[in-house]
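Okay, so here's the structure we're looking at.
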Amino acid sequence: MESVTCNSSHLPTTSPLGERTHPQVQVTYGAVQTALSKALRGERLSFEDGVNLYHSPDLVELGAVANEMNNRKNGRDVFFNVNRHINPTNICALSCKFCAFSRKPGEEGAYAYSEDEIAHKARVAAESGATEVHMVGGLHPRWKLSNYTSIIRTVKETAPQLHVKAFTAVELDWLARKERKTIAEVLTELREAGLGSLPGGGAEIFTPYVREKICDTKLTGDGWLDIHRTAHRMGLRSNCTMLYGHIEDVEARIDHMMRLRALQDETSGFNVFIPLAFQPENNELGITRHTYGVDDLKTIAIGRLMLDNFRHIKSYWVMTGDRVAQTALHFGANDLDGTVVEEKIANMAGSRAGMAMAKSKILRVIRDADRIPVERSTVYEPIRRYENPAEDIIQ
Ligand code: SF4
């Protein structure tokens, strides 16, 4: 099989990206086997290994190796949390081509929540057993840092027990530039207001030849990584994401993962890697297709194998739907995200998964995958391990 060249026609191996800087990788089945064997021996995978794995002709074999590597770290435990998304505003100064969520001031559908509305959402979340609010939004042209600290204080004063995971590196960069402050100064003020950790949004694809095509006015990939580096050095943990399934090629995906891996080597500050499947409605990229299950599962599996210094890989049901998200629990994922309750960003972009998942359903999705549900905090401390299926129905 050594000389057979693999051909995965569903994968974006070529794209209208203009200049590419990555080496061309000659993909063979033998090279796929070499990469899988290295992973099983615990050796770090190279860029070429990652690209080869994307062209693996055997999805089940790839998944089995990723499943084994996840098993060694997490056994049969699958994490979830009870959380609530609050997107304070969709009014945004930027116009990223893939974004269906943002609106300009005065445009139909533009909104900005009042503090009373945010307090109400936080109160309802706390009463329903949430442990976290996840807050990200647009770059409101008139909001200052004091608006953001005030939003966090509103949540913490309403429900002190809620962990506030808030504001992407893109929002932090915007605030720092507006206020003429360093990222560390902005983070210090937000933390004093009650910020607990950072979400992973805004990463998209770091590789410049893709990023320039999908969000050229946004913070660069290096800038995103620098902000998370600063947060980690200040003792704030964060998540990281990768938006895939638009115009990027697999080389850009592997490059993205390797940049995350390098920062994790440096700081150990990431909680989890979250691949985000592109949602195709209402965007300016002209893409009208959803990702398919094979690509979703390969991306989870390869994320597990490439990111050897991450314990947690998330299968985010909002992006892939509950069926693929559940199947991914056999392809290296050990986290399903949470109850969410009011997901706007993917929903406005055409997500077919809905805006919420009840805790009882999360338990069933995990249990039916022959895994053990473990409710976690935002930073992955176990809150409750659901050993006994008989207890599930009372949720
Ligand atoms: S992705 Fe974020 S920064 Fe870009 S337009 Fe949408 S809300 Fe604004």
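Every chain in the structure tokens has a letter given in the order shown (A, B, ...), and although residue numbers restart at 1 in each chain, ligands are simply numbered from 1 in the order shown.
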Given only C-alpha atoms and all ligand atoms, how would the per-residue table for chain A near ligand 1 read, listing every residue at most 8 Å away with its closest atom pair and distance in Å to one decimal, sorted by chain and number, as CSV?
residue,atom,partner,partner_atom_place_in_ligand_line,distance
A:Asn90,CA,ligand 1,7 (S),6.2
A:Ile91,CA,ligand 1,7 (S),7.4
A:Cys92,CA,ligand 1,8 (Fe),4.7
A:Ala93,CA,ligand 1,8 (Fe),6.4
A:Leu94,CA,ligand 1,5 (S),4.7
A:Ser95,CA,ligand 1,5 (S),4.1
A:Cys96,CA,ligand 1,4 (Fe),4.2
A:Lys97,CA,ligand 1,5 (S),7.3
A:Phe98,CA,ligand 1,1 (S),7.1
A:Cys99,CA,ligand 1,6 (Fe),4.6
A:Ala100,CA,ligand 1,6 (Fe),6.8
A:Phe101,CA,ligand 1,6 (Fe),5.8
A:Ser102,CA,ligand 1,7 (S),4.7
A:Arg103,CA,ligand 1,5 (S),7.9
A:Gly137,CA,ligand 1,7 (S),5.8
A:Gly138,CA,ligand 1,7 (S),3.9
A:Leu139,CA,ligand 1,8 (Fe),5.9
A:Val170,CA,ligand 1,3 (S),6.6
A:Glu171,CA,ligand 1,3 (S),7.5
A:Gly202,CA,ligand 1,1 (S),6.8
A:Cys215,CA,ligand 1,4 (Fe),6.9
A:Lys218,CA,ligand 1,3 (S),6.6
Same residues, C-alpha atoms, output as a PDB file, in the first residue's frame:
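Resulting contents of out.pdb:
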ATOM      1  CA  ASN A  90     -25.107  42.180  17.912  1.00  0.00           C
ATOM      2  CA  ILE A  91     -24.199  45.717  16.894  1.00  0.00           C
ATOM      3  CA  CYS A  92     -20.700  45.519  15.472  1.00  0.00           C
ATOM      4  CA  ALA A  93     -18.200  47.880  13.917  1.00  0.00           C
ATOM      5  CA  LEU A  94     -16.675  45.092  11.802  1.00  0.00           C
ATOM      6  CA  SER A  95     -18.109  43.148   8.874  1.00  0.00           C
ATOM      7  CA  CYS A  96     -16.512  39.682   8.875  1.00  0.00           C
ATOM      8  CA  LYS A  97     -17.601  37.936   5.689  1.00  0.00           C
ATOM      9  CA  PHE A  98     -18.691  34.728   7.395  1.00  0.00           C
ATOM     10  CA  CYS A  99     -20.774  36.442  10.106  1.00  0.00           C
ATOM     11  CA  ALA A 100     -24.570  36.290  10.097  1.00  0.00           C
ATOM     12  CA  PHE A 101     -24.958  37.641  13.619  1.00  0.00           C
ATOM     13  CA  SER A 102     -23.764  41.230  13.402  1.00  0.00           C
ATOM     14  CA  ARG A 103     -25.832  44.299  12.496  1.00  0.00           C
ATOM     15  CA  GLY A 137     -21.075  39.858  21.241  1.00  0.00           C
ATOM     16  CA  GLY A 138     -20.432  42.465  18.599  1.00  0.00           C
ATOM     17  CA  LEU A 139     -17.983  45.361  18.840  1.00  0.00           C
ATOM     18  CA  VAL A 170     -11.401  40.237  19.351  1.00  0.00           C
ATOM     19  CA  GLU A 171     -13.566  42.171  21.822  1.00  0.00           C
ATOM     20  CA  GLY A 202     -12.579  34.874  17.298  1.00  0.00           C
ATOM     21  CA  CYS A 215     -12.110  38.621   8.175  1.00  0.00           C
ATOM     22  CA  LYS A 218     -10.254  41.558  12.473  1.00  0.00           C
TER      23      LYS A 218
END
Fewer than 6 positions away in the same chain doesn't count, so skip those; otherwise give me all residues within 8 Å of segment 292-298 of chain A, counting only C-alpha atoms, as a list of chain:residue names.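 My list of contacting residues is A:Leu11, A:Tyr54, A:Leu59, A:Leu62, A:Gly63, A:Ala277, A:Thr320, A:Val324, A:Thr327, A:Ala328, A:Phe331.
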Take the residues just selected and output them with C-alpha atoms as an mmCIF file, in the first residue's frame.
data_model
loop_
_atom_site.group_PDB
_atom_site.id
_atom_site.type_symbol
_atom_site.label_atom_id
_atom_site.label_comp_id
_atom_site.auth_asym_id
_atom_site.auth_seq_id
_atom_site.Cartn_x
_atom_site.Cartn_y
_atom_site.Cartn_z
ATOM 1 C CA LEU A 11 -11.943 17.567 1.579
ATOM 2 C CA TYR A 54 -7.125 14.263 6.885
ATOM 3 C CA LEU A 59 -12.532 6.895 9.000
ATOM 4 C CA LEU A 62 -8.741 7.030 12.467
ATOM 5 C CA GLY A 63 -11.593 7.261 14.961
ATOM 6 C CA ALA A 277 -18.366 23.749 11.924
ATOM 7 C CA THR A 320 -23.006 19.706 14.279
ATOM 8 C CA VAL A 324 -22.900 13.879 14.999
ATOM 9 C CA THR A 327 -20.960 10.005 17.490
ATOM 10 C CA ALA A 328 -17.891 12.203 18.008
ATOM 11 C CA PHE A 331 -13.882 9.779 17.764
#
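We find atom CA of Ile247 of chain A and atom CA of Asp226 of chain A to be spaced 24.8 Å apart.
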Using only C-alpha atoms, which protein or nucleic acid residues come within 10 Å of segment 38-42 of chain A? Drop anything in the same chain fewer than 5 positions from it, and give the result as a ChimeraX atom specification. /A:32-33,49,65-66,68-69,304-306,308
DSSP on the backbone, alpha helix (DSSP H) only: what residues of segment 162-314 of chain A does that give? Format it as a PyMOL selection string. chain A and resi 169-179+183-193+208-214+221-233+250-267+293-306
Which residues, written as a PyMOL selection string, have at least one atom at most 10 Å from Thr288 of chain A, with only C-alpha atoms counted and residues fewer than 6 positions away on the same chain left out? chain A and resi 246+279-282+350
Nearest to Thr131 of chain A, chosen from A:Leu198, A:Val164, A:Leu53, A:Ala119, with only C-alpha atoms counted in the distances: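 Of A:Leu198, A:Val164, A:Leu53, A:Ala119, the one nearest Thr131 of chain A, counting only C-alpha atoms, is A:Val164.
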I want to know what sits within 12 Å of Arg191 of chain A, based on only C-alpha atoms, with residues of the same chain fewer than 2 positions away left out; could you give that as an MDAnalysis selection string? chainID A and resid 148:150 152:153 156 163:167 183:189 193:198 231 234:237
Counting only C-alpha atoms, closest pick from A:Pro208, A:Gly75, A:Pro141, A:Gly245 relative to Ala112 of chain A is A:Pro141
Can you list, as a VMD selection string, all residues belonging to segment 117-223 of chain A that DSSP tags as strand (DSSP E)? chain A and resid 132 to 135 163 to 166 195 to 197
Write the residues of the preceding selection, restricted to N, CA and C atoms, as a PDB file, in the first residue's frame.
ATOM      1  N   GLU A 132     -22.681  28.727  34.853  1.00  0.00           N
ATOM      2  CA  GLU A 132     -21.856  29.597  33.992  1.00  0.00           C
ATOM      3  C   GLU A 132     -22.733  30.470  33.107  1.00  0.00           C
ATOM      4  N   VAL A 133     -22.305  31.712  32.879  1.00  0.00           N
ATOM      5  CA  VAL A 133     -22.809  32.454  31.721  1.00  0.00           C
ATOM      6  C   VAL A 133     -21.656  32.665  30.759  1.00  0.00           C
ATOM      7  N   HIS A 134     -21.980  32.445  29.485  1.00  0.00           N
ATOM      8  CA  HIS A 134     -21.010  32.623  28.401  1.00  0.00           C
ATOM      9  C   HIS A 134     -21.454  33.868  27.657  1.00  0.00           C
ATOM     10  N   MET A 135     -20.598  34.904  27.646  1.00  0.00           N
ATOM     11  CA  MET A 135     -21.014  36.174  27.021  1.00  0.00           C
ATOM     12  C   MET A 135     -20.010  36.602  25.964  1.00  0.00           C
ATOM     13  N   HIS A 163     -20.198  31.554  37.165  1.00  0.00           N
ATOM     14  CA  HIS A 163     -18.874  31.854  36.590  1.00  0.00           C
ATOM     15  C   HIS A 163     -19.109  32.652  35.305  1.00  0.00           C
ATOM     16  N   VAL A 164     -18.432  33.775  35.184  1.00  0.00           N
ATOM     17  CA  VAL A 164     -18.586  34.596  33.970  1.00  0.00           C
ATOM     18  C   VAL A 164     -17.426  34.303  33.022  1.00  0.00           C
ATOM     19  N   LYS A 165     -17.763  33.616  31.940  1.00  0.00           N
ATOM     20  CA  LYS A 165     -16.782  33.356  30.859  1.00  0.00           C
ATOM     21  C   LYS A 165     -17.141  34.337  29.756  1.00  0.00           C
ATOM     22  N   ALA A 166     -16.304  35.343  29.560  1.00  0.00           N
ATOM     23  CA  ALA A 166     -16.795  36.416  28.708  1.00  0.00           C
ATOM     24  C   ALA A 166     -15.722  37.094  27.883  1.00  0.00           C
ATOM     25  N   LEU A 195     -14.845  38.836  36.076  1.00  0.00           N
ATOM     26  CA  LEU A 195     -14.553  37.905  34.975  1.00  0.00           C
ATOM     27  C   LEU A 195     -13.847  36.661  35.514  1.00  0.00           C
ATOM     28  N   GLY A 196     -14.299  35.484  35.042  1.00  0.00           N
ATOM     29  CA  GLY A 196     -13.711  34.232  35.525  1.00  0.00           C
ATOM     30  C   GLY A 196     -12.755  33.591  34.542  1.00  0.00           C
ATOM     31  N   SER A 197     -13.077  33.655  33.249  1.00  0.00           N
ATOM     32  CA  SER A 197     -12.208  33.055  32.223  1.00  0.00           C
ATOM     33  C   SER A 197     -12.641  33.583  30.861  1.00  0.00           C
TER      34      SER A 197
END
